[in-house]
Amino acid sequence: MNDALQSLLDLLTLEQIEEDIYRGQSRAAVVPRVFGGQVAAQALVAAGHTVPADRPPHSLHAYFLRPGDPGAPIVYTVDRIRDGRSFTTRRVVAVQHGQQIFHLTASFQAHEEGLEHQEPMPRVPDPLTLPTAAELLPRYADRFVAEGVAERLLEARAAVDLRYVDAPPFATAGEVREPRSQVWFRTQGKLDDFAPQAGPGHAAGIPRPLLDICLVTYVSDMTLLDSVLLAHGRGGWAVGDVVGASLDHAMWFHRPVRADEWLLYDQESPTAQGGRGLGKGRIFTAEGQLAVSVIQEGVIRTPRG
């Protein structure tokens, strides 16, 4: 396990400060606010600590209310909405500097047999045939809005091996393309040897499969709005031709998933309007199982002046 992955896993290991109240640390992102995937994953960890380990999440619905301060911790308060025979519901409020920055509602379910069907997995190249981020990003450093952006992106994604199937938006800025983007991803190392932070006050370690689901939640916010940019020939914040932020985020977890094995994130945008863009994603295992569905809306604006 590399140091970046261990650092991410430690970031997801929350401190319990009171019954159903947890504190998570933050870290600098490539933009001057807390990365949305971080706060969503930490909130899901907090909710999961109040639910039996044999009830993994099956869905979450979240709103990003204010930009998070990466220099300050975040306090997560869990409201135990319902504990039923099959389903458990939790609401989590994230607070910084006395203000609510994020809301999440998550539902958990005990394993149950039932009807099954799914959409087929798209045909895509093997991930090992695609360039790594370390190989890809430096090629486009001259297109970025400032020096050091490629290095900051590499640092932000160092815990995850993320590989684009086709050219990313920043590589084809100015060229209108089909509003669809695909990436393969997995953690940079196996999770079996994960050693959570130790010390007074830390909540119990994150059980699997909750850990895998929280890591997939973290990654799900990295590239989902790329398809919106492609439809308009925009390269993204790194190129400087749009500004934006996540507004809301919803996920459904259909089948077991392992974040340390290759997952295909198939993403598309059905619409953009009113300064907002909508992204839809499907996450498949390498064996072709549809594991997760994702929908997100974000602010997508062209810079003024």
# chains A, B, ... in the order shown; residues from 1 in each chain; ligands from 1
>>> residues_around(residues="Ser26 in chain A", least_positions_apart="2", cutoff="8 Å", atoms="only C-alpha atoms", output="list in words")
Leu11, Gly24, Ala28, Val34, Asp69, Pro70, Gly71, Ala72, Pro73 and Ile74 of chain A
>>> residues_around(residues="range 112-116 of chain A", least_positions_apart="5", cutoff="12 Å", atoms="only C-alpha atoms", output="PyMOL selection string")
chain A and resi 54-56+58+85-87+254-255+289-290
>>> write_last_selection(atoms="N, CA, C and O atoms", output="PDB file, in the first residue's frame")
ATOM      1  N   ASP A  54     -23.472  -5.804   9.042  1.00  0.00           N
ATOM      2  CA  ASP A  54     -24.078  -6.670   8.027  1.00  0.00           C
ATOM      3  C   ASP A  54     -25.160  -5.949   7.227  1.00  0.00           C
ATOM      4  O   ASP A  54     -25.891  -6.569   6.456  1.00  0.00           O
ATOM      5  N   ARG A  55     -25.259  -4.620   7.412  1.00  0.00           N
ATOM      6  CA  ARG A  55     -26.181  -3.811   6.606  1.00  0.00           C
ATOM      7  C   ARG A  55     -25.386  -2.738   5.865  1.00  0.00           C
ATOM      8  O   ARG A  55     -25.235  -1.613   6.346  1.00  0.00           O
ATOM      9  N   PRO A  56     -24.862  -3.049   4.698  1.00  0.00           N
ATOM     10  CA  PRO A  56     -24.125  -2.039   3.939  1.00  0.00           C
ATOM     11  C   PRO A  56     -25.082  -1.019   3.317  1.00  0.00           C
ATOM     12  O   PRO A  56     -26.280  -1.275   3.183  1.00  0.00           O
ATOM     13  N   HIS A  58     -27.200   0.959   0.602  1.00  0.00           N
ATOM     14  CA  HIS A  58     -27.713   0.669  -0.736  1.00  0.00           C
ATOM     15  C   HIS A  58     -28.025   1.953  -1.500  1.00  0.00           C
ATOM     16  O   HIS A  58     -28.191   1.922  -2.727  1.00  0.00           O
ATOM     17  N   ARG A  85     -36.781  -3.716  10.064  1.00  0.00           N
ATOM     18  CA  ARG A  85     -36.371  -5.108   9.992  1.00  0.00           C
ATOM     19  C   ARG A  85     -35.415  -5.360   8.835  1.00  0.00           C
ATOM     20  O   ARG A  85     -34.533  -6.215   8.923  1.00  0.00           O
ATOM     21  N   SER A  86     -35.593  -4.626   7.740  1.00  0.00           N
ATOM     22  CA  SER A  86     -34.738  -4.812   6.567  1.00  0.00           C
ATOM     23  C   SER A  86     -33.900  -3.586   6.231  1.00  0.00           C
ATOM     24  O   SER A  86     -32.809  -3.719   5.684  1.00  0.00           O
ATOM     25  N   PHE A  87     -34.413  -2.398   6.532  1.00  0.00           N
ATOM     26  CA  PHE A  87     -33.749  -1.164   6.126  1.00  0.00           C
ATOM     27  C   PHE A  87     -33.450  -0.278   7.327  1.00  0.00           C
ATOM     28  O   PHE A  87     -34.211  -0.244   8.299  1.00  0.00           O
ATOM     29  N   HIS A 254     -25.785  -1.418  -6.039  1.00  0.00           N
ATOM     30  CA  HIS A 254     -26.597  -2.570  -6.433  1.00  0.00           C
ATOM     31  C   HIS A 254     -25.984  -3.902  -6.030  1.00  0.00           C
ATOM     32  O   HIS A 254     -26.695  -4.818  -5.621  1.00  0.00           O
ATOM     33  N   ARG A 255     -24.671  -4.008  -6.189  1.00  0.00           N
ATOM     34  CA  ARG A 255     -23.987  -5.285  -5.989  1.00  0.00           C
ATOM     35  C   ARG A 255     -22.666  -5.042  -5.275  1.00  0.00           C
ATOM     36  O   ARG A 255     -22.148  -3.918  -5.293  1.00  0.00           O
ATOM     37  N   GLN A 289     -20.393  -6.796 -13.970  1.00  0.00           N
ATOM     38  CA  GLN A 289     -21.550  -6.568 -13.104  1.00  0.00           C
ATOM     39  C   GLN A 289     -21.772  -5.080 -12.883  1.00  0.00           C
ATOM     40  O   GLN A 289     -20.828  -4.334 -12.571  1.00  0.00           O
ATOM     41  N   LEU A 290     -23.014  -4.633 -13.045  1.00  0.00           N
ATOM     42  CA  LEU A 290     -23.363  -3.248 -12.737  1.00  0.00           C
ATOM     43  C   LEU A 290     -23.456  -3.114 -11.224  1.00  0.00           C
ATOM     44  O   LEU A 290     -24.359  -3.657 -10.590  1.00  0.00           O
TER      45      LEU A 290
END
>>> atom_distance(atom1="CA of Ser181 in chain A", atom2="CA of Gly279 in chain A")
10.1 Å
>>> closest_residue(among="A:Thr89, A:Gln188, A:Ser59, A:Gln109", to="Asp3 in chain A", atoms="only C-alpha atoms")
A:Gln188
>>> residues_around(residues="Arg90 in chain A", least_positions_apart="3", cutoff="6 Å", atoms="only C-alpha atoms", output="ChimeraX atom specification")
/A:79-81,105-106
>>> write_last_selection(atoms="all heavy atoms", output="PDB file, in the first residue's frame")
ATOM      1  N   ASP A  79     -28.149  11.482  12.646  1.00  0.00           N
ATOM      2  CA  ASP A  79     -29.510  11.365  13.165  1.00  0.00           C
ATOM      3  C   ASP A  79     -30.035   9.985  12.789  1.00  0.00           C
ATOM      4  O   ASP A  79     -30.097   9.634  11.612  1.00  0.00           O
ATOM      5  CB  ASP A  79     -30.381  12.464  12.546  1.00  0.00           C
ATOM      6  CG  ASP A  79     -31.765  12.560  13.180  1.00  0.00           C
ATOM      7  OD1 ASP A  79     -32.038  11.785  14.123  1.00  0.00           O
ATOM      8  OD2 ASP A  79     -32.557  13.400  12.735  1.00  0.00           O
ATOM      9  N   ARG A  80     -30.388   9.199  13.795  1.00  0.00           N
ATOM     10  CA  ARG A  80     -30.879   7.829  13.557  1.00  0.00           C
ATOM     11  C   ARG A  80     -32.366   7.891  13.208  1.00  0.00           C
ATOM     12  O   ARG A  80     -33.236   7.763  14.073  1.00  0.00           O
ATOM     13  CB  ARG A  80     -30.640   6.959  14.783  1.00  0.00           C
ATOM     14  CG  ARG A  80     -29.163   6.879  15.188  1.00  0.00           C
ATOM     15  CD  ARG A  80     -28.938   5.862  16.283  1.00  0.00           C
ATOM     16  NE  ARG A  80     -27.559   5.857  16.731  1.00  0.00           N
ATOM     17  CZ  ARG A  80     -26.860   4.751  17.030  1.00  0.00           C
ATOM     18  NH1 ARG A  80     -27.445   3.565  16.944  1.00  0.00           N
ATOM     19  NH2 ARG A  80     -25.607   4.849  17.426  1.00  0.00           N
ATOM     20  N   ILE A  81     -32.658   8.023  11.929  1.00  0.00           N
ATOM     21  CA  ILE A  81     -34.025   8.232  11.469  1.00  0.00           C
ATOM     22  C   ILE A  81     -34.902   7.005  11.701  1.00  0.00           C
ATOM     23  O   ILE A  81     -36.002   7.088  12.222  1.00  0.00           O
ATOM     24  CB  ILE A  81     -34.045   8.604   9.970  1.00  0.00           C
ATOM     25  CG1 ILE A  81     -33.234   9.872   9.716  1.00  0.00           C
ATOM     26  CG2 ILE A  81     -35.477   8.784   9.471  1.00  0.00           C
ATOM     27  CD1 ILE A  81     -33.793  11.097  10.383  1.00  0.00           C
ATOM     28  N   THR A 105     -28.376  11.849   3.324  1.00  0.00           N
ATOM     29  CA  THR A 105     -29.277  10.818   3.816  1.00  0.00           C
ATOM     30  C   THR A 105     -28.853   9.499   3.176  1.00  0.00           C
ATOM     31  O   THR A 105     -28.663   9.436   1.951  1.00  0.00           O
ATOM     32  CB  THR A 105     -30.735  11.123   3.458  1.00  0.00           C
ATOM     33  OG1 THR A 105     -31.117  12.372   4.037  1.00  0.00           O
ATOM     34  CG2 THR A 105     -31.660  10.028   3.988  1.00  0.00           C
ATOM     35  N   ALA A 106     -28.682   8.479   3.986  1.00  0.00           N
ATOM     36  CA  ALA A 106     -28.232   7.180   3.482  1.00  0.00           C
ATOM     37  C   ALA A 106     -29.161   6.090   3.998  1.00  0.00           C
ATOM     38  O   ALA A 106     -29.654   6.157   5.131  1.00  0.00           O
ATOM     39  CB  ALA A 106     -26.797   6.892   3.915  1.00  0.00           C
TER      40      ALA A 106
END
>>> atom_distance(atom1="CA of Ser246 in chain A", atom2="CA of Phe64 in chain A")
6.6 Å
>>> select_by_dssp(residues="range 6-100 of chain A", states="strand (DSSP E or B)", output="PDB file with N, CA, C and O atoms, in the first residue's frame")
ATOM      1  N   GLU A  15     -12.818  10.529  14.163  1.00  0.00           N
ATOM      2  CA  GLU A  15     -12.721  10.591  15.619  1.00  0.00           C
ATOM      3  C   GLU A  15     -14.133  10.721  16.198  1.00  0.00           C
ATOM      4  O   GLU A  15     -14.909  11.581  15.777  1.00  0.00           O
ATOM      5  N   GLN A  16     -14.472   9.859  17.152  1.00  0.00           N
ATOM      6  CA  GLN A  16     -15.777   9.966  17.805  1.00  0.00           C
ATOM      7  C   GLN A  16     -15.655  10.910  18.992  1.00  0.00           C
ATOM      8  O   GLN A  16     -14.871  10.670  19.906  1.00  0.00           O
ATOM      9  N   ILE A  17     -16.415  12.004  18.974  1.00  0.00           N
ATOM     10  CA  ILE A  17     -16.324  13.002  20.048  1.00  0.00           C
ATOM     11  C   ILE A  17     -17.532  12.972  20.978  1.00  0.00           C
ATOM     12  O   ILE A  17     -17.502  13.582  22.053  1.00  0.00           O
ATOM     13  N   GLU A  18     -18.595  12.280  20.579  1.00  0.00           N
ATOM     14  CA  GLU A  18     -19.778  12.114  21.417  1.00  0.00           C
ATOM     15  C   GLU A  18     -20.642  11.062  20.734  1.00  0.00           C
ATOM     16  O   GLU A  18     -20.360  10.645  19.613  1.00  0.00           O
ATOM     17  N   ILE A  21     -21.677  11.607  17.091  1.00  0.00           N
ATOM     18  CA  ILE A  21     -21.002  12.818  16.618  1.00  0.00           C
ATOM     19  C   ILE A  21     -19.541  12.469  16.346  1.00  0.00           C
ATOM     20  O   ILE A  21     -18.851  11.922  17.222  1.00  0.00           O
ATOM     21  N   TYR A  22     -19.082  12.795  15.141  1.00  0.00           N
ATOM     22  CA  TYR A  22     -17.739  12.417  14.714  1.00  0.00           C
ATOM     23  C   TYR A  22     -17.024  13.635  14.134  1.00  0.00           C
ATOM     24  O   TYR A  22     -17.659  14.582  13.663  1.00  0.00           O
ATOM     25  N   ARG A  23     -15.710  13.583  14.176  1.00  0.00           N
ATOM     26  CA  ARG A  23     -14.921  14.664  13.601  1.00  0.00           C
ATOM     27  C   ARG A  23     -13.953  14.078  12.583  1.00  0.00           C
ATOM     28  O   ARG A  23     -13.248  13.107  12.855  1.00  0.00           O
ATOM     29  N   GLY A  24     -13.925  14.691  11.407  1.00  0.00           N
ATOM     30  CA  GLY A  24     -13.008  14.277  10.360  1.00  0.00           C
ATOM     31  C   GLY A  24     -12.063  15.404  10.008  1.00  0.00           C
ATOM     32  O   GLY A  24     -12.420  16.578  10.080  1.00  0.00           O
ATOM     33  N   PRO A  57     -24.582   0.134   2.905  1.00  0.00           N
ATOM     34  CA  PRO A  57     -25.441   1.128   2.256  1.00  0.00           C
ATOM     35  C   PRO A  57     -25.966   0.605   0.919  1.00  0.00           C
ATOM     36  O   PRO A  57     -25.259  -0.090   0.192  1.00  0.00           O
ATOM     37  N   HIS A  58     -27.200   0.959   0.602  1.00  0.00           N
ATOM     38  CA  HIS A  58     -27.713   0.669  -0.736  1.00  0.00           C
ATOM     39  C   HIS A  58     -28.025   1.953  -1.500  1.00  0.00           C
ATOM     40  O   HIS A  58     -28.191   1.922  -2.727  1.00  0.00           O
ATOM     41  N   SER A  59     -28.064   3.118  -0.798  1.00  0.00           N
ATOM     42  CA  SER A  59     -28.251   4.375  -1.513  1.00  0.00           C
ATOM     43  C   SER A  59     -27.839   5.540  -0.627  1.00  0.00           C
ATOM     44  O   SER A  59     -27.807   5.436   0.600  1.00  0.00           O
ATOM     45  N   LEU A  60     -27.530   6.653  -1.283  1.00  0.00           N
ATOM     46  CA  LEU A  60     -27.292   7.912  -0.573  1.00  0.00           C
ATOM     47  C   LEU A  60     -27.767   9.061  -1.448  1.00  0.00           C
ATOM     48  O   LEU A  60     -27.753   8.978  -2.689  1.00  0.00           O
ATOM     49  N   HIS A  61     -28.204  10.118  -0.792  1.00  0.00           N
ATOM     50  CA  HIS A  61     -28.636  11.345  -1.455  1.00  0.00           C
ATOM     51  C   HIS A  61     -28.043  12.504  -0.666  1.00  0.00           C
ATOM     52  O   HIS A  61     -28.228  12.585   0.559  1.00  0.00           O
ATOM     53  N   ALA A  62     -27.337  13.398  -1.356  1.00  0.00           N
ATOM     54  CA  ALA A  62     -26.570  14.421  -0.646  1.00  0.00           C
ATOM     55  C   ALA A  62     -26.678  15.771  -1.337  1.00  0.00           C
ATOM     56  O   ALA A  62     -26.852  15.855  -2.563  1.00  0.00           O
ATOM     57  N   TYR A  63     -26.539  16.835  -0.523  1.00  0.00           N
ATOM     58  CA  TYR A  63     -26.484  18.205  -1.029  1.00  0.00           C
ATOM     59  C   TYR A  63     -25.232  18.881  -0.500  1.00  0.00           C
ATOM     60  O   TYR A  63     -24.926  18.813   0.699  1.00  0.00           O
ATOM     61  N   PHE A  64     -24.526  19.543  -1.404  1.00  0.00           N
ATOM     62  CA  PHE A  64     -23.380  20.368  -1.031  1.00  0.00           C
ATOM     63  C   PHE A  64     -23.903  21.791  -0.823  1.00  0.00           C
ATOM     64  O   PHE A  64     -24.366  22.439  -1.766  1.00  0.00           O
ATOM     65  N   ILE A  74     -14.029  18.864  10.120  1.00  0.00           N
ATOM     66  CA  ILE A  74     -15.474  18.857   9.862  1.00  0.00           C
ATOM     67  C   ILE A  74     -16.138  17.984  10.910  1.00  0.00           C
ATOM     68  O   ILE A  74     -15.680  16.873  11.181  1.00  0.00           O
ATOM     69  N   VAL A  75     -17.218  18.480  11.503  1.00  0.00           N
ATOM     70  CA  VAL A  75     -17.971  17.723  12.506  1.00  0.00           C
ATOM     71  C   VAL A  75     -19.209  17.134  11.838  1.00  0.00           C
ATOM     72  O   VAL A  75     -19.974  17.849  11.177  1.00  0.00           O
ATOM     73  N   TYR A  76     -19.393  15.821  12.014  1.00  0.00           N
ATOM     74  CA  TYR A  76     -20.518  15.100  11.417  1.00  0.00           C
ATOM     75  C   TYR A  76     -21.453  14.622  12.523  1.00  0.00           C
ATOM     76  O   TYR A  76     -21.034  13.877  13.420  1.00  0.00           O
ATOM     77  N   THR A  77     -22.711  15.042  12.461  1.00  0.00           N
ATOM     78  CA  THR A  77     -23.726  14.622  13.418  1.00  0.00           C
ATOM     79  C   THR A  77     -24.704  13.677  12.728  1.00  0.00           C
ATOM     80  O   THR A  77     -25.270  14.016  11.684  1.00  0.00           O
ATOM     81  N   VAL A  78     -24.882  12.493  13.305  1.00  0.00           N
ATOM     82  CA  VAL A  78     -25.728  11.464  12.709  1.00  0.00           C
ATOM     83  C   VAL A  78     -27.070  11.427  13.417  1.00  0.00           C
ATOM     84  O   VAL A  78     -27.141  11.369  14.647  1.00  0.00           O
ATOM     85  N   ASP A  79     -28.149  11.482  12.646  1.00  0.00           N
ATOM     86  CA  ASP A  79     -29.510  11.365  13.165  1.00  0.00           C
ATOM     87  C   ASP A  79     -30.035   9.985  12.789  1.00  0.00           C
ATOM     88  O   ASP A  79     -30.097   9.634  11.612  1.00  0.00           O
ATOM     89  N   ARG A  80     -30.388   9.199  13.795  1.00  0.00           N
ATOM     90  CA  ARG A  80     -30.879   7.829  13.557  1.00  0.00           C
ATOM     91  C   ARG A  80     -32.366   7.891  13.208  1.00  0.00           C
ATOM     92  O   ARG A  80     -33.236   7.763  14.073  1.00  0.00           O
ATOM     93  N   ILE A  81     -32.658   8.023  11.929  1.00  0.00           N
ATOM     94  CA  ILE A  81     -34.025   8.232  11.469  1.00  0.00           C
ATOM     95  C   ILE A  81     -34.902   7.005  11.701  1.00  0.00           C
ATOM     96  O   ILE A  81     -36.002   7.088  12.222  1.00  0.00           O
ATOM     97  N   ARG A  82     -34.385   5.834  11.296  1.00  0.00           N
ATOM     98  CA  ARG A  82     -35.212   4.623  11.387  1.00  0.00           C
ATOM     99  C   ARG A  82     -34.339   3.394  11.405  1.00  0.00           C
ATOM    100  O   ARG A  82     -33.346   3.306  10.698  1.00  0.00           O
ATOM    101  N   ASP A  83     -34.745   2.409  12.215  1.00  0.00           N
ATOM    102  CA  ASP A  83     -34.143   1.084  12.234  1.00  0.00           C
ATOM    103  C   ASP A  83     -35.259   0.073  12.030  1.00  0.00           C
ATOM    104  O   ASP A  83     -36.006  -0.248  12.965  1.00  0.00           O
ATOM    105  N   PHE A  87     -34.413  -2.398   6.532  1.00  0.00           N
ATOM    106  CA  PHE A  87     -33.749  -1.164   6.126  1.00  0.00           C
ATOM    107  C   PHE A  87     -33.450  -0.278   7.327  1.00  0.00           C
ATOM    108  O   PHE A  87     -34.211  -0.244   8.299  1.00  0.00           O
ATOM    109  N   THR A  88     -32.351   0.435   7.234  1.00  0.00           N
ATOM    110  CA  THR A  88     -31.934   1.395   8.252  1.00  0.00           C
ATOM    111  C   THR A  88     -31.655   2.725   7.550  1.00  0.00           C
ATOM    112  O   THR A  88     -30.991   2.751   6.505  1.00  0.00           O
ATOM    113  N   THR A  89     -32.146   3.814   8.117  1.00  0.00           N
ATOM    114  CA  THR A  89     -31.988   5.136   7.504  1.00  0.00           C
ATOM    115  C   THR A  89     -31.268   6.077   8.449  1.00  0.00           C
ATOM    116  O   THR A  89     -31.582   6.126   9.646  1.00  0.00           O
ATOM    117  N   ARG A  90     -30.309   6.798   7.902  1.00  0.00           N
ATOM    118  CA  ARG A  90     -29.548   7.771   8.688  1.00  0.00           C
ATOM    119  C   ARG A  90     -29.464   9.107   7.931  1.00  0.00           C
ATOM    120  O   ARG A  90     -29.387   9.131   6.706  1.00  0.00           O
ATOM    121  N   ARG A  91     -29.476  10.195   8.694  1.00  0.00           N
ATOM    122  CA  ARG A  91     -29.235  11.522   8.136  1.00  0.00           C
ATOM    123  C   ARG A  91     -27.980  12.084   8.792  1.00  0.00           C
ATOM    124  O   ARG A  91     -27.803  11.964  10.020  1.00  0.00           O
ATOM    125  N   VAL A  92     -27.106  12.693   8.007  1.00  0.00           N
ATOM    126  CA  VAL A  92     -25.847  13.243   8.511  1.00  0.00           C
ATOM    127  C   VAL A  92     -25.752  14.707   8.107  1.00  0.00           C
ATOM    128  O   VAL A  92     -26.001  15.066   6.950  1.00  0.00           O
ATOM    129  N   VAL A  93     -25.392  15.553   9.066  1.00  0.00           N
ATOM    130  CA  VAL A  93     -25.161  16.976   8.819  1.00  0.00           C
ATOM    131  C   VAL A  93     -23.686  17.256   9.102  1.00  0.00           C
ATOM    132  O   VAL A  93     -23.174  16.901  10.169  1.00  0.00           O
ATOM    133  N   ALA A  94     -23.011  17.879   8.146  1.00  0.00           N
ATOM    134  CA  ALA A  94     -21.600  18.239   8.299  1.00  0.00           C
ATOM    135  C   ALA A  94     -21.495  19.734   8.578  1.00  0.00           C
ATOM    136  O   ALA A  94     -22.101  20.545   7.867  1.00  0.00           O
ATOM    137  N   VAL A  95     -20.715  20.078   9.606  1.00  0.00           N
ATOM    138  CA  VAL A  95     -20.624  21.471  10.062  1.00  0.00           C
ATOM    139  C   VAL A  95     -19.166  21.901  10.129  1.00  0.00           C
ATOM    140  O   VAL A  95     -18.301  21.151  10.601  1.00  0.00           O
ATOM    141  N   GLN A  96     -18.916  23.121   9.668  1.00  0.00           N
ATOM    142  CA  GLN A  96     -17.620  23.781   9.816  1.00  0.00           C
ATOM    143  C   GLN A  96     -17.858  25.233  10.214  1.00  0.00           C
ATOM    144  O   GLN A  96     -18.740  25.894   9.648  1.00  0.00           O
ATOM    145  N   GLN A  99     -21.383  26.483  10.640  1.00  0.00           N
ATOM    146  CA  GLN A  99     -22.325  26.486   9.523  1.00  0.00           C
ATOM    147  C   GLN A  99     -22.415  25.106   8.889  1.00  0.00           C
ATOM    148  O   GLN A  99     -21.423  24.390   8.782  1.00  0.00           O
ATOM    149  N   GLN A 100     -23.623  24.743   8.468  1.00  0.00           N
ATOM    150  CA  GLN A 100     -23.827  23.478   7.780  1.00  0.00           C
ATOM    151  C   GLN A 100     -23.275  23.594   6.356  1.00  0.00           C
ATOM    152  O   GLN A 100     -23.641  24.513   5.622  1.00  0.00           O
TER     153      GLN A 100
END
>>> closest_residue(among="A:Ala231, A:Val31, A:Ala259, A:Ala133", to="Ile213 in chain A", atoms="only C-alpha atoms")
A:Ala259
>>> residues_around(residues="Met222 in chain A", least_positions_apart="3", cutoff="10 Å", atoms="only C-alpha atoms", output="JSON, numbers by chain")
{"A": [35, 36, 37, 157, 162, 217, 218, 219, 225, 226]}
>>> residues_around(residues="Gly275 in chain A", least_positions_apart="6", cutoff="7 Å", atoms="only C-alpha atoms", output="PDB file with C-alpha atoms, in the first residue's frame")
ATOM      1  CA  VAL A 299     -22.821  24.435 -11.318  1.00  0.00           C
ATOM      2  CA  ILE A 300     -21.130  24.876 -14.698  1.00  0.00           C
ATOM      3  CA  ARG A 301     -20.466  28.522 -15.588  1.00  0.00           C
TER       4      ARG A 301
END
>>> select_by_dssp(residues="range 10-73 of chain A", states="alpha helix (DSSP H)", output="VMD selection string")
chain A and resid 10 to 12 36 to 48
>>> residues_around(residues="range 282-286 of chain A", least_positions_apart="2", cutoff="6 Å", atoms="only C-alpha atoms", output="ChimeraX atom specification")
/A:262-266,288-293
>>> write_last_selection(atoms="N, CA, C and O atoms", output="tab-separated table (two decimals), in the first residue's frame")
chain	number	residue	atom	x	y	z
A	262	TRP	N	-10.22	-3.31	-10.48
A	262	TRP	CA	-10.60	-2.41	-11.55
A	262	TRP	C	-12.12	-2.25	-11.65
A	262	TRP	O	-12.86	-3.23	-11.65
A	263	LEU	N	-12.55	-0.99	-11.75
A	263	LEU	CA	-13.95	-0.64	-11.93
A	263	LEU	C	-14.06	0.32	-13.11
A	263	LEU	O	-13.26	1.26	-13.24
A	264	LEU	N	-15.04	0.11	-13.95
A	264	LEU	CA	-15.28	0.99	-15.10
A	264	LEU	C	-16.37	1.99	-14.74
A	264	LEU	O	-17.48	1.61	-14.36
A	265	TYR	N	-16.06	3.29	-14.88
A	265	TYR	CA	-17.01	4.37	-14.60
A	265	TYR	C	-17.46	4.94	-15.94
A	265	TYR	O	-16.74	5.70	-16.59
A	266	ASP	N	-18.66	4.57	-16.37
A	266	ASP	CA	-19.23	5.00	-17.64
A	266	ASP	C	-20.15	6.20	-17.35
A	266	ASP	O	-21.14	6.06	-16.63
A	288	GLY	N	-18.09	-7.32	-15.43
A	288	GLY	CA	-19.28	-6.88	-16.14
A	288	GLY	C	-20.51	-6.68	-15.28
A	288	GLY	O	-21.60	-6.42	-15.81
A	289	GLN	N	-20.39	-6.80	-13.97
A	289	GLN	CA	-21.55	-6.57	-13.10
A	289	GLN	C	-21.77	-5.08	-12.88
A	289	GLN	O	-20.83	-4.33	-12.57
A	290	LEU	N	-23.01	-4.63	-13.05
A	290	LEU	CA	-23.36	-3.25	-12.74
A	290	LEU	C	-23.46	-3.11	-11.22
A	290	LEU	O	-24.36	-3.66	-10.59
A	291	ALA	N	-22.49	-2.41	-10.64
A	291	ALA	CA	-22.38	-2.34	-9.18
A	291	ALA	C	-22.98	-1.08	-8.59
A	291	ALA	O	-23.53	-1.12	-7.49
A	292	VAL	N	-22.87	0.05	-9.29
A	292	VAL	CA	-23.27	1.34	-8.73
A	292	VAL	C	-23.86	2.21	-9.83
A	292	VAL	O	-23.38	2.20	-10.96
A	293	SER	N	-24.91	2.97	-9.50
A	293	SER	CA	-25.43	4.02	-10.37
A	293	SER	C	-25.26	5.36	-9.66
A	293	SER	O	-25.42	5.44	-8.43
>>> atom_distance(atom1="CA of Leu154 in chain A", atom2="CA of Glu135 in chain A")
10.2 Å
